[in-house]
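Chemist: Input structure: entry.cif, which contains mmCIF, C-alpha atoms.
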data_run
loop_
_atom_site.label_atom_id
_atom_site.label_comp_id
_atom_site.auth_asym_id
_atom_site.auth_seq_id
_atom_site.Cartn_x
_atom_site.Cartn_y
_atom_site.Cartn_z
CA MET A 8 0.00 0.00 0.00
CA GLN A 9 1.40 3.40 -0.98
CA ALA A 10 2.30 5.62 1.97
CA ASN A 11 0.01 8.47 0.88
CA ILE A 12 -3.08 6.21 0.64
CA ASN A 13 -5.44 6.66 3.59
CA ARG A 14 -7.49 3.47 3.35
CA ASN A 15 -9.86 4.36 6.20
CA GLN A 16 -10.88 7.65 4.54
CA LEU A 17 -11.31 5.92 1.17
CA PHE A 18 -13.42 3.22 2.81
CA VAL A 19 -15.67 5.79 4.50
CA ALA A 20 -16.12 7.68 1.21
CA SER A 21 -16.92 4.39 -0.54
CA CYS A 22 -19.62 3.63 2.03
CA LEU A 23 -21.11 7.09 1.49
CA ALA A 24 -21.22 6.49 -2.29
CA LEU A 25 -22.99 3.16 -1.72
CA LEU A 26 -25.40 4.96 0.61
CA VAL A 27 -26.61 7.06 -2.33
CA THR A 28 -27.11 3.89 -4.36
CA SER A 29 -29.21 2.32 -1.63
CA LEU A 30 -31.17 5.49 -0.89
CA SER A 31 -32.33 5.40 -4.50
CA PHE A 32 -33.72 1.91 -3.85
CA GLY A 33 -35.24 2.69 -0.45
CA ILE A 34 -36.89 5.97 -1.39
CA ARG A 35 -38.09 4.69 -4.75
CA ALA A 36 -39.55 1.56 -3.12
CA GLY A 37 -41.73 3.90 -1.08
CA LEU A 38 -42.73 6.08 -4.06
CA LEU A 39 -43.55 3.47 -6.70
CA GLY A 40 -47.26 3.49 -5.80
CA THR A 41 -47.26 7.31 -5.82
CA TRP A 42 -45.84 7.42 -9.34
CA ILE A 43 -48.34 4.79 -10.57
CA HIS A 44 -51.15 7.01 -9.26
CA GLU A 45 -49.77 10.45 -10.21
CA PHE A 46 -48.65 9.59 -13.75
CA GLY A 47 -51.32 6.97 -14.52
CA LEU A 48 -48.79 4.15 -14.94
CA THR A 49 -49.64 0.47 -15.19
CA ALA A 50 -47.75 -2.06 -13.05
CA GLU A 51 -45.93 -3.12 -16.23
CA GLN A 52 -44.79 0.46 -16.92
CA ALA A 53 -43.70 0.78 -13.28
CA GLY A 54 -41.80 -2.49 -13.69
CA ILE A 55 -40.04 -1.18 -16.81
CA ILE A 56 -39.05 2.01 -14.97
CA THR A 57 -37.77 0.00 -12.00
CA SER A 58 -35.92 -2.44 -14.23
CA THR A 59 -34.15 0.44 -16.01
CA ALA A 60 -32.01 1.00 -12.91
CA PHE A 61 -31.19 -2.70 -12.88
CA TRP A 62 -29.97 -2.85 -16.49
CA GLY A 63 -28.30 0.57 -16.31
CA PHE A 64 -26.35 -0.85 -13.38
CA PRO A 65 -24.83 -3.85 -15.23
CA LEU A 66 -24.08 -1.69 -18.27
CA ALA A 67 -22.04 0.67 -16.09
CA ILE A 68 -20.45 -1.98 -13.89
CA ILE A 69 -19.27 -4.16 -16.80
CA ILE A 70 -17.88 -1.25 -18.84
CA GLY A 71 -16.43 0.23 -15.66
CA GLY A 72 -14.74 -3.07 -14.84
CA MET A 73 -13.08 -3.08 -18.23
CA VAL A 74 -11.73 0.47 -18.01
CA VAL A 75 -11.04 0.87 -14.27
CA ASP A 76 -7.41 -0.20 -14.64
CA ILE A 77 -6.98 2.21 -17.56
CA ILE A 78 -8.57 5.42 -16.26
CA GLY A 79 -8.35 4.68 -12.53
CA MET A 80 -10.93 4.27 -9.77
CA LYS A 81 -10.99 7.99 -8.91
CA LYS A 82 -12.28 9.12 -12.32
CA LEU A 83 -14.92 6.39 -12.30
CA LEU A 84 -16.24 7.53 -8.93
CA LEU A 85 -16.40 11.17 -10.02
CA MET A 86 -18.40 10.01 -13.06
CA ALA A 87 -20.73 8.15 -10.68
CA ALA A 88 -21.38 11.36 -8.76
CA VAL A 89 -22.31 13.15 -12.01
CA PHE A 90 -24.69 10.33 -13.05
CA HIS A 91 -26.36 10.37 -9.62
CA PHE A 92 -26.70 14.16 -9.59
CA LEU A 93 -28.31 14.33 -13.04
CA GLY A 94 -30.58 11.36 -12.32
CA ILE A 95 -31.89 12.90 -9.12
CA ILE A 96 -32.54 16.29 -10.79
CA LEU A 97 -34.41 14.63 -13.69
CA THR A 98 -36.50 12.57 -11.25
CA ILE A 99 -37.55 15.73 -9.41
CA THR A 100 -38.61 17.36 -12.70
CA ALA A 101 -40.26 14.20 -14.13
CA THR A 102 -43.57 14.59 -15.98
CA GLY A 103 -44.38 10.99 -16.89
CA PHE A 104 -43.11 7.61 -18.05
CA TRP A 105 -40.22 8.69 -20.27
CA SER A 106 -38.73 11.27 -17.93
CA LEU A 107 -38.87 8.73 -15.09
CA PHE A 108 -37.33 6.15 -17.43
CA ILE A 109 -34.36 8.38 -18.36
CA SER A 110 -33.77 9.58 -14.79
CA THR A 111 -33.86 6.00 -13.50
CA LEU A 112 -31.37 4.97 -16.18
CA LEU A 113 -28.96 7.70 -15.08
CA ILE A 114 -29.29 6.66 -11.44
CA GLY A 115 -28.70 3.04 -12.48
CA LEU A 116 -25.55 4.11 -14.33
CA GLY A 117 -24.40 5.93 -11.21
CA ASN A 118 -25.12 2.91 -9.03
CA GLY A 119 -23.21 0.58 -11.34
CA THR A 120 -20.25 2.93 -11.62
CA VAL A 121 -20.00 3.09 -7.82
CA GLU A 122 -19.84 -0.71 -7.64
CA ALA A 123 -17.44 -0.90 -10.60
CA ALA A 124 -14.89 1.19 -8.70
CA CYS A 125 -15.63 0.43 -5.05
CA ASN A 126 -15.61 -3.39 -5.15
CA PRO A 127 -12.02 -3.56 -6.51
CA LEU A 128 -11.09 -0.58 -4.31
CA VAL A 129 -12.16 -2.35 -1.10
CA ALA A 130 -10.50 -5.60 -2.25
CA SER A 131 -7.28 -3.65 -2.95
CA LEU A 132 -7.38 -1.80 0.36
CA TYR A 133 -7.96 -4.93 2.47
CA THR A 134 -6.23 -7.84 0.71
CA ASP A 135 -6.03 -9.81 3.97
CA LYS A 136 -9.80 -9.83 4.72
CA LYS A 137 -11.67 -9.24 1.46
CA THR A 138 -14.97 -11.02 2.19
CA THR A 139 -15.30 -9.47 5.66
CA LYS A 140 -14.60 -5.91 4.47
CA LEU A 141 -16.82 -6.32 1.41
CA ASN A 142 -19.62 -7.32 3.82
CA HIS A 143 -18.87 -4.23 5.93
CA PHE A 144 -18.92 -2.06 2.79
CA HIS A 145 -22.14 -3.61 1.50
CA LEU A 146 -23.96 -3.20 4.82
CA TRP A 147 -24.54 0.36 3.61
CA PHE A 148 -26.80 -0.97 0.89
CA PRO A 149 -29.47 -2.31 3.27
CA GLY A 150 -28.53 0.50 5.68
CA GLY A 151 -29.40 3.08 3.06
CA ILE A 152 -32.66 1.29 2.26
CA VAL A 153 -33.60 1.48 5.96
CA ILE A 154 -32.75 5.19 5.99
CA GLY A 155 -34.63 5.72 2.70
CA THR A 156 -37.80 3.97 3.86
CA LEU A 157 -37.70 5.85 7.17
CA ILE A 158 -37.34 9.15 5.24
CA VAL A 159 -40.48 8.28 3.28
CA LYS A 160 -42.29 7.15 6.44
CA LEU A 161 -41.30 10.06 8.68
CA LEU A 162 -41.00 12.99 6.25
CA GLY A 163 -43.54 11.97 3.61
CA VAL A 164 -46.80 13.94 3.50
CA GLN A 165 -49.66 11.73 2.35
CA VAL A 166 -52.57 12.73 0.15
CA PRO A 167 -55.58 12.59 2.54
CA GLY A 168 -57.33 9.23 2.39
CA THR A 169 -54.51 7.55 0.43
CA ASP A 170 -50.93 6.36 0.90
CA PHE A 171 -49.64 8.56 -1.98
CA MET A 172 -46.97 11.15 -1.14
CA GLN A 173 -47.64 14.83 -1.86
CA ASN A 174 -44.02 15.88 -1.27
CA TRP A 175 -42.29 13.06 -3.14
CA LYS A 176 -40.03 15.53 -5.00
CA PHE A 177 -38.63 16.78 -1.69
CA LEU A 178 -37.98 13.18 -0.59
CA VAL A 179 -36.00 12.50 -3.78
CA ALA A 180 -34.08 15.80 -3.43
CA ILE A 181 -32.68 14.66 -0.06
CA MET A 182 -30.38 12.32 -2.00
CA LEU A 183 -28.52 15.33 -3.43
CA ILE A 184 -26.79 15.90 -0.06
CA PRO A 185 -24.76 12.65 0.15
CA THR A 186 -24.20 12.73 -3.64
CA VAL A 187 -22.41 16.08 -3.54
CA LEU A 188 -20.55 15.05 -0.38
CA TYR A 189 -19.09 11.78 -1.72
CA GLY A 190 -18.11 13.45 -5.00
CA TYR A 191 -16.22 16.11 -3.04
CA LEU A 192 -14.50 13.57 -0.76
CA PHE A 193 -13.26 11.38 -3.61
CA ALA A 194 -11.98 14.41 -5.51
CA LYS A 195 -9.61 15.12 -2.58
CA ARG A 196 -8.23 11.57 -2.11
CA GLU A 197 -5.29 9.64 -3.59
CA PHE A 198 -6.14 6.13 -4.86
CA PRO A 199 -4.16 2.87 -5.06
CA VAL A 200 -3.94 0.71 -8.19
CA THR A 201 -6.18 -2.37 -8.27
CA GLU A 202 -4.97 -5.59 -6.65
CA ARG A 203 -4.64 -7.29 -10.05
CA VAL A 204 -2.29 -4.58 -11.31
CA ALA A 205 -0.33 -4.57 -8.04
CA SER A 206 0.18 -8.36 -8.20
CA GLY A 207 1.45 -8.24 -11.80
CA VAL A 208 -1.33 -10.28 -13.44
CA SER A 209 -1.53 -9.24 -17.09
CA THR A 210 -4.70 -8.10 -18.82
CA ARG A 211 -4.53 -11.19 -21.04
CA GLU A 212 -4.35 -13.48 -18.00
CA MET A 213 -7.29 -11.64 -16.43
CA TYR A 214 -9.57 -12.17 -19.42
CA ALA A 215 -8.43 -15.80 -19.82
CA SER A 216 -9.38 -16.42 -16.17
CA LEU A 217 -12.99 -15.47 -16.96
CA LEU A 218 -13.34 -18.83 -18.77
CA ASN A 219 -12.72 -20.74 -15.54
CA PRO A 220 -15.80 -23.03 -15.05
CA LEU A 221 -16.03 -22.04 -11.38
CA PHE A 222 -16.21 -18.36 -12.34
CA ILE A 223 -18.92 -19.04 -14.94
CA LEU A 224 -20.91 -20.94 -12.30
CA MET A 225 -20.66 -18.01 -9.89
CA VAL A 226 -21.94 -15.63 -12.58
CA VAL A 227 -24.98 -17.87 -13.14
CA LEU A 228 -25.62 -18.25 -9.40
CA MET A 229 -25.43 -14.49 -8.96
CA LEU A 230 -28.51 -14.16 -11.17
CA GLY A 231 -30.51 -16.12 -8.61
CA THR A 232 -29.09 -14.57 -5.44
CA ALA A 233 -29.63 -11.03 -6.75
CA ILE A 234 -33.22 -11.71 -7.87
CA THR A 235 -34.04 -13.29 -4.51
CA GLU A 236 -32.69 -10.30 -2.59
CA LEU A 237 -33.29 -7.24 -4.74
CA PHE A 238 -36.52 -8.00 -6.60
CA THR A 239 -38.29 -8.92 -3.37
CA GLY A 240 -36.96 -5.84 -1.58
CA GLN A 241 -37.85 -3.43 -4.38
CA TRP A 242 -41.37 -4.81 -4.89
CA ILE A 243 -42.39 -5.80 -1.36
CA ASP A 244 -44.41 -2.61 -0.83
CA VAL A 245 -46.35 -3.14 -4.06
CA LEU A 246 -46.90 -6.87 -3.52
CA LEU A 247 -47.94 -6.84 0.14
CA LYS A 248 -49.35 -3.34 0.76
CA ASN A 249 -52.90 -4.73 0.52
CA VAL A 250 -52.09 -7.71 2.74
CA THR A 251 -50.77 -5.58 5.61
CA ASP A 252 -51.02 -1.91 6.56
CA ASN A 253 -47.25 -1.80 7.12
CA ALA A 254 -45.75 -3.28 3.95
CA LEU A 255 -42.94 -0.73 3.89
CA LEU A 256 -42.13 -1.66 7.50
CA LEU A 257 -41.52 -5.22 6.25
CA LEU A 258 -38.75 -3.85 4.02
CA THR A 259 -37.34 -1.86 6.94
CA ILE A 260 -37.22 -4.97 9.15
CA GLU A 261 -35.65 -7.07 6.39
CA THR A 262 -32.95 -4.53 5.61
CA GLY A 263 -32.34 -3.72 9.29
CA VAL A 264 -31.47 -7.38 9.88
CA MET A 265 -29.14 -7.26 6.86
CA VAL A 266 -27.27 -4.28 8.31
CA LEU A 267 -26.63 -6.10 11.61
CA GLY A 268 -25.70 -9.35 9.87
CA ARG A 269 -23.15 -7.75 7.56
CA ALA A 270 -21.66 -5.78 10.45
CA PHE A 271 -20.81 -9.08 12.15
CA ALA A 272 -19.79 -10.89 8.96
CA GLY A 273 -16.21 -11.54 10.13
CA PRO A 274 -16.90 -14.29 12.69
CA VAL A 275 -19.73 -15.77 10.59
CA VAL A 276 -17.59 -16.17 7.45
CA GLY A 277 -14.66 -17.37 9.57
CA ARG A 278 -16.78 -20.05 11.22
CA PHE A 279 -18.74 -21.38 8.25
CA SER A 280 -16.65 -20.43 5.13
CA ALA A 281 -18.06 -18.46 2.20
CA THR A 282 -19.76 -21.48 0.61
CA GLY A 283 -21.27 -22.54 3.95
CA VAL A 284 -22.69 -19.05 4.42
CA LEU A 285 -24.15 -19.07 0.88
CA LEU A 286 -25.79 -22.47 1.43
CA MET A 287 -27.39 -21.38 4.71
CA SER A 288 -28.49 -18.12 3.10
CA ALA A 289 -30.33 -19.92 0.30
CA ILE A 290 -32.14 -22.25 2.71
CA VAL A 291 -33.19 -19.47 5.10
CA SER A 292 -34.27 -17.23 2.18
CA THR A 293 -36.58 -19.98 0.97
CA ILE A 294 -38.18 -20.25 4.42
CA GLY A 295 -38.55 -16.47 4.61
CA LEU A 296 -40.26 -16.21 1.20
CA TYR A 297 -42.59 -19.06 2.12
CA MET A 298 -43.65 -17.17 5.25
CA LEU A 299 -44.16 -13.90 3.32
CA GLY A 300 -46.23 -15.69 0.68
CA HIS A 301 -48.39 -17.80 3.00
CA PHE A 302 -48.72 -16.00 6.35
CA SER A 303 -50.65 -12.89 7.36
CA GLY A 304 -50.88 -10.47 10.26
CA ASN A 305 -47.93 -10.21 12.63
CA MET A 306 -46.38 -13.40 11.23
CA LEU A 307 -45.51 -11.39 8.10
CA PHE A 308 -43.03 -9.43 10.21
CA VAL A 309 -41.48 -12.67 11.42
CA GLY A 310 -41.24 -13.70 7.76
CA ALA A 311 -39.47 -10.42 6.92
CA LEU A 312 -37.04 -11.06 9.78
CA VAL A 313 -36.25 -14.58 8.54
CA PHE A 314 -35.95 -13.42 4.93
CA GLY A 315 -33.57 -10.62 5.96
CA ILE A 316 -31.33 -13.15 7.69
CA GLY A 317 -31.44 -15.29 4.54
CA VAL A 318 -30.45 -12.67 1.97
CA CYS A 319 -28.12 -10.77 4.32
CA TYR A 320 -24.84 -12.25 3.09
CA PHE A 321 -25.72 -13.09 -0.53
CA TRP A 322 -24.29 -10.15 -2.51
CA PRO A 323 -21.05 -9.35 -0.62
CA THR A 324 -20.18 -13.03 -0.05
CA MET A 325 -20.61 -13.82 -3.75
CA ILE A 326 -18.26 -10.92 -4.57
CA GLY A 327 -15.91 -11.96 -1.77
CA PHE A 328 -15.83 -15.58 -2.94
CA VAL A 329 -14.68 -14.48 -6.39
CA ALA A 330 -12.13 -12.03 -4.94
CA GLU A 331 -10.59 -14.72 -2.72
CA ASN A 332 -10.84 -17.83 -4.90
CA LEU A 333 -10.55 -16.31 -8.38
CA PRO A 334 -8.28 -13.25 -7.86
CA ARG A 335 -6.83 -13.44 -11.39
CA THR A 336 -10.22 -12.38 -12.80
CA GLY A 337 -9.43 -8.95 -11.34
CA ALA A 338 -11.81 -5.98 -11.40
CA VAL A 339 -13.51 -7.36 -14.51
CA GLY A 340 -14.38 -10.57 -12.69
CA LEU A 341 -15.81 -8.79 -9.66
CA ASN A 342 -17.84 -6.45 -11.81
CA LEU A 343 -19.10 -9.14 -14.19
CA VAL A 344 -20.52 -11.00 -11.21
CA GLY A 345 -22.18 -7.84 -9.87
CA GLY A 346 -23.41 -6.86 -13.33
CA ALA A 347 -24.88 -10.31 -13.92
CA GLY A 348 -26.84 -9.98 -10.70
CA MET A 349 -28.41 -6.67 -11.64
CA PHE A 350 -29.06 -7.81 -15.22
CA GLY A 351 -30.89 -10.85 -13.89
CA VAL A 352 -33.04 -8.63 -11.66
CA SER A 353 -33.82 -6.38 -14.63
CA LEU A 354 -35.05 -9.23 -16.81
CA TYR A 355 -36.99 -10.84 -13.98
CA THR A 356 -38.64 -7.54 -13.03
CA ILE A 357 -39.88 -6.97 -16.59
CA PHE A 358 -41.16 -10.55 -16.83
CA ILE A 359 -42.82 -10.64 -13.43
CA SER A 360 -44.39 -7.17 -13.64
CA GLY A 361 -46.16 -8.15 -16.88
CA TYR A 362 -47.22 -11.41 -15.23
CA TYR A 363 -48.49 -9.41 -12.24
CA ASP A 364 -50.66 -7.23 -14.50
CA ARG A 365 -52.13 -10.35 -16.13
CA LEU A 366 -52.68 -11.90 -12.72
CA LEU A 367 -54.53 -8.80 -11.52
CA ALA A 368 -56.68 -8.77 -14.67
CA SER A 369 -57.61 -12.42 -14.10
CA LYS A 370 -58.94 -11.52 -10.65
CA LEU A 371 -61.09 -8.64 -11.95
CA PRO A 372 -64.35 -8.94 -13.93
CA ALA A 373 -63.91 -10.25 -17.49
CA GLY A 374 -62.84 -7.53 -19.92
CA ALA A 375 -61.81 -5.13 -17.16
CA ASP A 376 -59.40 -2.33 -18.15
CA LEU A 377 -56.62 -2.31 -15.56
CA ALA A 378 -55.73 1.35 -16.27
CA THR A 379 -59.32 2.35 -15.41
CA TYR A 380 -59.15 0.50 -12.12
CA ASN A 381 -55.75 2.08 -11.29
CA ALA A 382 -57.18 5.56 -11.92
CA ALA A 383 -60.33 4.97 -9.87
CA PRO A 384 -60.79 7.27 -6.83
CA PRO A 385 -60.02 5.68 -3.43
CA GLY A 386 -63.06 4.03 -1.83
CA SER A 387 -64.94 3.53 -5.10
CA ASP A 388 -66.18 0.10 -6.15
CA LEU A 389 -63.48 -0.15 -8.81
CA ALA A 390 -60.73 0.81 -6.35
CA ASN A 391 -61.99 -1.68 -3.76
CA ALA A 392 -62.08 -4.45 -6.35
CA LEU A 393 -58.49 -3.67 -7.34
CA VAL A 394 -57.41 -3.79 -3.68
CA GLU A 395 -58.89 -7.29 -3.36
CA ALA A 396 -57.20 -8.39 -6.58
CA LYS A 397 -53.84 -7.10 -5.33
CA ARG A 398 -54.34 -8.79 -1.96
CA ALA A 399 -54.60 -12.12 -3.77
CA ALA A 400 -51.96 -11.52 -6.47
CA GLY A 401 -49.07 -10.22 -4.33
CA PRO A 402 -48.43 -13.43 -2.36
CA GLU A 403 -48.69 -15.47 -5.57
CA ILE A 404 -45.77 -13.50 -7.08
CA ILE A 405 -43.73 -14.18 -3.93
CA ASN A 406 -44.49 -17.90 -4.21
CA VAL A 407 -43.28 -17.94 -7.81
CA THR A 408 -40.06 -16.21 -6.77
CA MET A 409 -39.52 -18.78 -4.00
CA VAL A 410 -38.55 -21.39 -6.63
CA ILE A 411 -35.25 -19.53 -7.18
CA PRO A 412 -33.72 -19.96 -3.69
CA ILE A 413 -34.89 -23.59 -3.68
CA ILE A 414 -32.72 -24.19 -6.76
CA LEU A 415 -29.88 -22.17 -5.21
CA SER A 416 -29.98 -24.36 -2.09
CA ILE A 417 -29.33 -27.47 -4.15
CA VAL A 418 -26.48 -25.93 -6.18
CA PHE A 419 -24.80 -24.28 -3.18
CA ALA A 420 -24.88 -27.62 -1.35
CA GLY A 421 -22.91 -29.14 -4.23
CA LEU A 422 -20.50 -26.18 -4.27
CA PHE A 423 -19.98 -26.43 -0.51
CA PHE A 424 -18.88 -30.07 -0.68
CA TYR A 425 -16.77 -29.41 -3.80
CA MET A 426 -14.84 -26.58 -2.11
CA LYS A 427 -14.51 -28.65 1.07
CA SER A 428 -12.99 -31.59 -0.85
CA LYS A 429 -10.74 -29.20 -2.79
CA SER A 430 -9.51 -27.69 0.49
CA LYS A 431 -8.80 -31.15 1.92
CA GLY A 432 -6.90 -32.10 -1.24
CA ASN A 433 -4.73 -28.99 -0.95
CA SER A 434 -4.07 -29.75 2.72
CA VAL A 435 -3.00 -33.30 1.88
CA ARG A 436 -0.62 -32.06 -0.84
CA VAL A 437 0.90 -29.49 1.53
CA ALA A 438 1.35 -32.12 4.25
CA SER A 439 2.97 -34.63 1.87
CA SER A 440 5.44 -32.02 0.65
CA HIS A 441 6.92 -31.56 4.15
#
I need this file expressed as structure tokens, please.
Modeler:
Amino acid sequence: MQANINRNQLFVASCLALLVTSLSFGIRAGLLGTWIHEFGLTAEQAGIITSTAFWGFPLAIIIGGMVVDIIGMKKLLLMAAVFHFLGIILTITATGFWSLFISTLLIGLGNGTVEAACNPLVASLYTDKKTTKLNHFHLWFPGGIVIGTLIVKLLGVQVPGTDFMQNWKFLVAIMLIPTVLYGYLFAKREFPVTERVASGVSTREMYASLLNPLFILMVVLMLGTAITELFTGQWIDVLLKNVTDNALLLLTIETGVMVLGRAFAGPVVGRFSATGVLLMSAIVSTIGLYMLGHFSGNMLFVGALVFGIGVCYFWPTMIGFVAENLPRTGAVGLNLVGGAGMFGVSLYTIFISGYYDRLLASKLPAGADLATYNAAPPGSDLANALVEAKRAAGPEIINVTMVIPIILSIVFAGLFFYMKSKSKGNSVRVASSH
């Protein structure tokens, strides 16, 4: 580590940048229903807007991973601040579907650029404890969602008789504060080179390492872990708001558990190994989704608690596994895994939101126009019928999503025993060489 590199200050600035990323998820999760009402959007249009952030993210993270060693992490992070700033301003001035679409894309590009630079930055700053510090860094994602949902809950002014926010533009504008702050902090700091560059691994070796079967498997598995965590978190308010009066509180409980879990990741990863943690996460996530999809009343909050424990370690441990076991893949490897996760969420969100619209229509009278029902005044017969349709459809979407962690549980079990046997084989070879 170069003498003029202050890794603690860089780590704090990185956490602040990730906070902006997560605030965009937390605040938007609380405003999705408001935008559907104010701009006359269908659930499918809302899904397309939401998914834009998820495919803007992989676009930025993959391109960023390819150029980070060329232009440096500092320039990438300053670009992220610009993307975030413009995206927030355009959201505040949005007038409908397309302006929300473009602003969400810019925010997604900002989010992806933050990850493209900060994942290799943290791995380069803490080469002796990558998975633990990546968990500490990524705790600010659920942490920011908790802060974002609380901002909506505590500072939001509702339209009388509804749960729509009158001052949603003010809520979005709050994100400008940490955006300007992290851009300023990074502009003042000196940065190290990435770990791959420091260790002398060539660019050719890095790209060749991407063909490793284990790396390809991790990319595929990241699709499932990201969908399980992020789709459910982003849509929980829409899916369960008619099942409970406190759907947004479910997200707050889930993400609050994730913050605590990632804060204590060191002893957990040390005790169970990365693959053991991923296997347990998949099993517990399945149980949590089952509870959210089948229970009601106060048991929904227990389900959110269990689900939060399940998805807590998914994202940072997947990144950490690649950083520790496949270091030659470098920044491109880390960012391909992260990009794959967000891309998977984007595709799944588009698919499932269209399915959700069709599911709602099937629960309304034959030939019903969903847009008419969405625009109906609160308390009317049409609005009440839509509420009942949503109450039935939301848990069904969660049950469909539950199939993903079931599959992950099976695959992670195989990966756990494979890595365990590989570790034993290495130990035997080391012992025989003495």
Chemist: Using the chain letters and numbers from the file, which residues does the PyMOL selection byres ((chain A and resi 389) around 12) grab, as a ChimeraX atom specification?
Modeler: /A:371-372,375-388,390-396
Chemist: Once the PyMOL selection byres ((chain A and resi 91) around 7) has been evaluated on this model, what residues remain selected, and can you format them as a list in words?
Modeler: Ala87, Ala88, Val89, Phe90, Phe92, Leu93, Gly94, Ile95, Leu113, Ile114, Gly117 and Thr186 of chain A
Chemist: Suppose we keep C-alpha atoms; can you now write the selection as a PDB file, in the coordinates of the input?
Modeler:
ATOM      1  CA  ALA A  87     -20.730   8.150 -10.680  1.00  0.00           C
ATOM      2  CA  ALA A  88     -21.380  11.360  -8.760  1.00  0.00           C
ATOM      3  CA  VAL A  89     -22.310  13.150 -12.010  1.00  0.00           C
ATOM      4  CA  PHE A  90     -24.690  10.330 -13.050  1.00  0.00           C
ATOM      5  CA  PHE A  92     -26.700  14.160  -9.590  1.00  0.00           C
ATOM      6  CA  LEU A  93     -28.310  14.330 -13.040  1.00  0.00           C
ATOM      7  CA  GLY A  94     -30.580  11.360 -12.320  1.00  0.00           C
ATOM      8  CA  ILE A  95     -31.890  12.900  -9.120  1.00  0.00           C
ATOM      9  CA  LEU A 113     -28.960   7.700 -15.080  1.00  0.00           C
ATOM     10  CA  ILE A 114     -29.290   6.660 -11.440  1.00  0.00           C
ATOM     11  CA  GLY A 117     -24.400   5.930 -11.210  1.00  0.00           C
ATOM     12  CA  THR A 186     -24.200  12.730  -3.640  1.00  0.00           C
TER      13      THR A 186
END
Chemist: Mind pulling up the distance from atom CA of A:Leu26 to atom CA of A:Gly151?
Modeler: 5.1 Å
Chemist: Within 10 Å of stretch 313-330 of chain A, which residues of stretch 156-269 of chain A show up? Give each one with its shortest atom-to-atom distance in Å (one decimal) and the two atoms involved, counting only C-alpha atoms, rows by chain then rising residue number, as JSON lines.
Modeler:
{"residue": "A:Glu202", "atom": "CA", "partner": "A:Ala330", "partner_atom": "CA", "distance": 9.8}
{"residue": "A:Leu221", "atom": "CA", "partner": "A:Val329", "partner_atom": "CA", "distance": 9.2}
{"residue": "A:Phe222", "atom": "CA", "partner": "A:Val329", "partner_atom": "CA", "distance": 7.3}
{"residue": "A:Met225", "atom": "CA", "partner": "A:Met325", "partner_atom": "CA", "distance": 7.4}
{"residue": "A:Val226", "atom": "CA", "partner": "A:Met325", "partner_atom": "CA", "distance": 9.1}
{"residue": "A:Leu228", "atom": "CA", "partner": "A:Met325", "partner_atom": "CA", "distance": 8.8}
{"residue": "A:Met229", "atom": "CA", "partner": "A:Met325", "partner_atom": "CA", "distance": 7.1}
{"residue": "A:Gly231", "atom": "CA", "partner": "A:Phe321", "partner_atom": "CA", "distance": 9.9}
{"residue": "A:Thr232", "atom": "CA", "partner": "A:Phe321", "partner_atom": "CA", "distance": 6.1}
{"residue": "A:Ala233", "atom": "CA", "partner": "A:Trp322", "partner_atom": "CA", "distance": 6.9}
{"residue": "A:Thr235", "atom": "CA", "partner": "A:Val318", "partner_atom": "CA", "distance": 7.4}
{"residue": "A:Glu236", "atom": "CA", "partner": "A:Val318", "partner_atom": "CA", "distance": 5.6}
{"residue": "A:Leu237", "atom": "CA", "partner": "A:Val318", "partner_atom": "CA", "distance": 9.1}
{"residue": "A:Thr239", "atom": "CA", "partner": "A:Phe314", "partner_atom": "CA", "distance": 9.7}
{"residue": "A:Gly240", "atom": "CA", "partner": "A:Gly315", "partner_atom": "CA", "distance": 9.5}
{"residue": "A:Leu257", "atom": "CA", "partner": "A:Gly315", "partner_atom": "CA", "distance": 9.6}
{"residue": "A:Leu258", "atom": "CA", "partner": "A:Gly315", "partner_atom": "CA", "distance": 8.7}
{"residue": "A:Thr259", "atom": "CA", "partner": "A:Gly315", "partner_atom": "CA", "distance": 9.6}
{"residue": "A:Ile260", "atom": "CA", "partner": "A:Gly315", "partner_atom": "CA", "distance": 7.4}
{"residue": "A:Glu261", "atom": "CA", "partner": "A:Gly315", "partner_atom": "CA", "distance": 4.1}
{"residue": "A:Thr262", "atom": "CA", "partner": "A:Gly315", "partner_atom": "CA", "distance": 6.1}
{"residue": "A:Gly263", "atom": "CA", "partner": "A:Gly315", "partner_atom": "CA", "distance": 7.8}
{"residue": "A:Val264", "atom": "CA", "partner": "A:Gly315", "partner_atom": "CA", "distance": 5.5}
{"residue": "A:Met265", "atom": "CA", "partner": "A:Cys319", "partner_atom": "CA", "distance": 4.5}
{"residue": "A:Val266", "atom": "CA", "partner": "A:Cys319", "partner_atom": "CA", "distance": 7.7}
{"residue": "A:Leu267", "atom": "CA", "partner": "A:Cys319", "partner_atom": "CA", "distance": 8.8}
{"residue": "A:Gly268", "atom": "CA", "partner": "A:Cys319", "partner_atom": "CA", "distance": 6.2}
{"residue": "A:Arg269", "atom": "CA", "partner": "A:Tyr320", "partner_atom": "CA", "distance": 6.6}
Chemist: Using all atoms listed in the file, what residues lie at most 10 Å away from (-8.2, -8.2, -6.4) (file coordinates), given as a list in words?
Modeler: Asn126, Pro127, Leu128, Val129, Ala130, Ser131, Leu132, Tyr133, Thr134, Lys137, Thr201, Glu202, Arg203, Val204, Ala205, Ser206, Gly327, Val329, Ala330, Glu331, Leu333, Pro334, Arg335, Thr336, Gly337, Ala338, Val339, Gly340 and Leu341 of chain A
Chemist: Which residues fall under the PyMOL selection byres ((chain A and resi 282-291) around 6) in this file, as a list of chain:residue names?
Modeler: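 This file gives the following for the PyMOL selection byres ((chain A and resi 282-291) around 6): A:Phe279, A:Ser280, A:Ala281, A:Ser292, A:Thr293, A:Ile294, A:Gly317, A:Val318, A:Pro412, A:Leu415, A:Ser416, A:Phe419, A:Ala420, A:Phe423.
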